[in-house]
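Below is one structure, written out as structure tokens; the observations come after it.
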Amino acid sequence: MISIVLVEPEIPENTGNISRTCACTGMPLFLVGKLGFEITESRVKRAGLDYWDKLTITRAGSIEELWDRYGREKFVYFTTKAAKSYNEYDYPEDAFLVFGKETKGLPDPLIRDNYDRCVRIPMKSGVRCLNLSNSVAVAAYEALRRYDYFGMK
């Protein structure tokens, strides 16, 4: 199954919305590093509505922790700095789709060291980026489409 990884998310409502997407798709959600909020905050819970019991959330101190546990080659990094479009990437069946914090994205060293697995969502020039929760939804459903949605209805 495909998983979503958020590295140091900052905005509780985005994480709440992403958790709802994960619950609806059956995707596990990994929260990595320092969060800009407490997962128990009402703004996170409200954005996720009544989906929290249908969601698997795992906390990790670092991305390296996840690499050690699952293997580095399964991770796909979403960044505006990538040359390859997200729809040109060959996602593994058990891919981890990685997104950075809202204000800065993924750290430059992480992008540089994994550039062959970095992808971008095409956007009109002159705009900064999509909202994080929208980007996760776009990416999640593209990866799922590749596997005929794993039999979801």
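Residue names in the structure tokens use chain letters A, B, ... in the order shown, residue numbers from 1 in each chain, and ligand numbers from 1 in the order shown.
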Within chain A, find each residue whose DSSP state, derived from the backbone, is helix (DSSP H, G or I), and express the selection as number ranges by chain. A: 12-25, 42-54, 63-70, 72-74, 86-88, 108-113, 115-117, 132-146, 148-151
Give the answer as one residue: which of A:Lys74, A:Glu65, A:Leu6, A:Thr25 has the shortest atom-to-atom distance to Met152 in chain A, using only C-alpha atoms?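 Closest candidate: A:Thr25.
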Proximity to Thr80 in chain A - best of A:Arg120, A:Arg20, A:Arg146, A:Arg59, only C-alpha atoms: A:Arg120
Counting only C-alpha atoms, which of A:Val7, A:Leu29, A:Asp53, A:Glu38 gets nearest to Tyr77 in chain A?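 For Tyr77 in chain A, the nearest of the candidates is A:Val7.
Neighbours of Ile63 in chain A closer than or equal to 12 Å, with only C-alpha atoms counted and sequence neighbours fewer than 6 positions away skipped, come out as Val5, Leu6, Val7, Glu8, Phe30, Leu31, Val32, Gly33, Lys34, Arg69, Tyr70, Gly71, Arg72, Phe75, Tyr77, Phe96, Leu97, Val98, Phe99, Gly100, Leu106, Pro107 and Leu110 of chain A.
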Write the residues you've just listed into a file as a PDB file, in the first residue's frame, and include N, CA and C atoms for each of them.
```
ATOM      1  N   VAL A   5       3.960  10.640   3.696  1.00  0.00           N
ATOM      2  CA  VAL A   5       4.937  11.078   4.690  1.00  0.00           C
ATOM      3  C   VAL A   5       4.964  12.601   4.690  1.00  0.00           C
ATOM      4  N   LEU A   6       4.749  13.200   5.853  1.00  0.00           N
ATOM      5  CA  LEU A   6       4.854  14.651   6.008  1.00  0.00           C
ATOM      6  C   LEU A   6       6.069  14.947   6.877  1.00  0.00           C
ATOM      7  N   VAL A   7       7.002  15.713   6.331  1.00  0.00           N
ATOM      8  CA  VAL A   7       8.200  16.095   7.069  1.00  0.00           C
ATOM      9  C   VAL A   7       7.969  17.472   7.692  1.00  0.00           C
ATOM     10  N   GLU A   8       7.896  17.499   9.007  1.00  0.00           N
ATOM     11  CA  GLU A   8       7.730  18.720   9.798  1.00  0.00           C
ATOM     12  C   GLU A   8       6.564  19.597   9.350  1.00  0.00           C
ATOM     13  N   PHE A  30       2.568   9.060   7.900  1.00  0.00           N
ATOM     14  CA  PHE A  30       3.768   9.156   8.721  1.00  0.00           C
ATOM     15  C   PHE A  30       4.078  10.631   8.950  1.00  0.00           C
ATOM     16  N   LEU A  31       4.217  11.016  10.206  1.00  0.00           N
ATOM     17  CA  LEU A  31       4.581  12.381  10.565  1.00  0.00           C
ATOM     18  C   LEU A  31       6.015  12.353  11.076  1.00  0.00           C
ATOM     19  N   VAL A  32       6.885  13.106  10.400  1.00  0.00           N
ATOM     20  CA  VAL A  32       8.320  13.035  10.654  1.00  0.00           C
ATOM     21  C   VAL A  32       8.835  14.337  11.245  1.00  0.00           C
ATOM     22  N   GLY A  33       9.663  14.208  12.287  1.00  0.00           N
ATOM     23  CA  GLY A  33      10.333  15.371  12.862  1.00  0.00           C
ATOM     24  C   GLY A  33       9.411  16.199  13.733  1.00  0.00           C
ATOM     25  N   LYS A  34       9.827  17.441  13.922  1.00  0.00           N
ATOM     26  CA  LYS A  34       9.109  18.376  14.792  1.00  0.00           C
ATOM     27  C   LYS A  34       7.851  18.887  14.082  1.00  0.00           C
ATOM     28  N   ARG A  69      13.844   1.441   8.315  1.00  0.00           N
ATOM     29  CA  ARG A  69      12.750   0.492   8.513  1.00  0.00           C
ATOM     30  C   ARG A  69      12.190  -0.059   7.199  1.00  0.00           C
ATOM     31  N   TYR A  70      12.119   0.794   6.153  1.00  0.00           N
ATOM     32  CA  TYR A  70      11.404   0.397   4.938  1.00  0.00           C
ATOM     33  C   TYR A  70      12.262   0.364   3.675  1.00  0.00           C
ATOM     34  N   GLY A  71      13.481   0.862   3.723  1.00  0.00           N
ATOM     35  CA  GLY A  71      14.323   0.910   2.531  1.00  0.00           C
ATOM     36  C   GLY A  71      14.178   2.238   1.803  1.00  0.00           C
ATOM     37  N   ARG A  72      15.265   2.806   1.473  1.00  0.00           N
ATOM     38  CA  ARG A  72      15.308   4.153   0.893  1.00  0.00           C
ATOM     39  C   ARG A  72      14.720   4.242  -0.513  1.00  0.00           C
ATOM     40  N   PHE A  75      10.966   5.637  -1.531  1.00  0.00           N
ATOM     41  CA  PHE A  75      10.535   6.995  -1.216  1.00  0.00           C
ATOM     42  C   PHE A  75      10.563   7.893  -2.452  1.00  0.00           C
ATOM     43  N   TYR A  77       9.888  11.938  -3.563  1.00  0.00           N
ATOM     44  CA  TYR A  77       9.902  13.256  -2.932  1.00  0.00           C
ATOM     45  C   TYR A  77       9.225  14.286  -3.830  1.00  0.00           C
ATOM     46  N   PHE A  96       6.344   5.467  -0.694  1.00  0.00           N
ATOM     47  CA  PHE A  96       6.153   6.466   0.350  1.00  0.00           C
ATOM     48  C   PHE A  96       6.233   7.824  -0.347  1.00  0.00           C
ATOM     49  N   LEU A  97       5.141   8.556  -0.362  1.00  0.00           N
ATOM     50  CA  LEU A  97       5.089   9.864  -1.009  1.00  0.00           C
ATOM     51  C   LEU A  97       5.427  10.906   0.046  1.00  0.00           C
ATOM     52  N   VAL A  98       6.540  11.624  -0.151  1.00  0.00           N
ATOM     53  CA  VAL A  98       7.103  12.491   0.874  1.00  0.00           C
ATOM     54  C   VAL A  98       6.889  13.962   0.520  1.00  0.00           C
ATOM     55  N   PHE A  99       6.393  14.723   1.504  1.00  0.00           N
ATOM     56  CA  PHE A  99       6.109  16.143   1.333  1.00  0.00           C
ATOM     57  C   PHE A  99       6.752  16.921   2.470  1.00  0.00           C
ATOM     58  N   GLY A 100       7.216  18.126   2.159  1.00  0.00           N
ATOM     59  CA  GLY A 100       7.868  18.971   3.160  1.00  0.00           C
ATOM     60  C   GLY A 100       6.904  19.920   3.834  1.00  0.00           C
ATOM     61  N   LEU A 106      10.714  20.553   1.289  1.00  0.00           N
ATOM     62  CA  LEU A 106      11.716  19.596   1.771  1.00  0.00           C
ATOM     63  C   LEU A 106      13.077  20.273   1.861  1.00  0.00           C
ATOM     64  N   PRO A 107      13.930  19.824   2.784  1.00  0.00           N
ATOM     65  CA  PRO A 107      15.267  20.400   2.902  1.00  0.00           C
ATOM     66  C   PRO A 107      16.096  20.166   1.631  1.00  0.00           C
ATOM     67  N   LEU A 110      18.134  16.910   1.301  1.00  0.00           N
ATOM     68  CA  LEU A 110      17.297  15.740   1.028  1.00  0.00           C
ATOM     69  C   LEU A 110      16.950  15.674  -0.458  1.00  0.00           C
TER      70      LEU A 110
END
```
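We find CA of Asp94 in chain A and CA of Thr58 in chain A to be spaced 15.9 Å apart.
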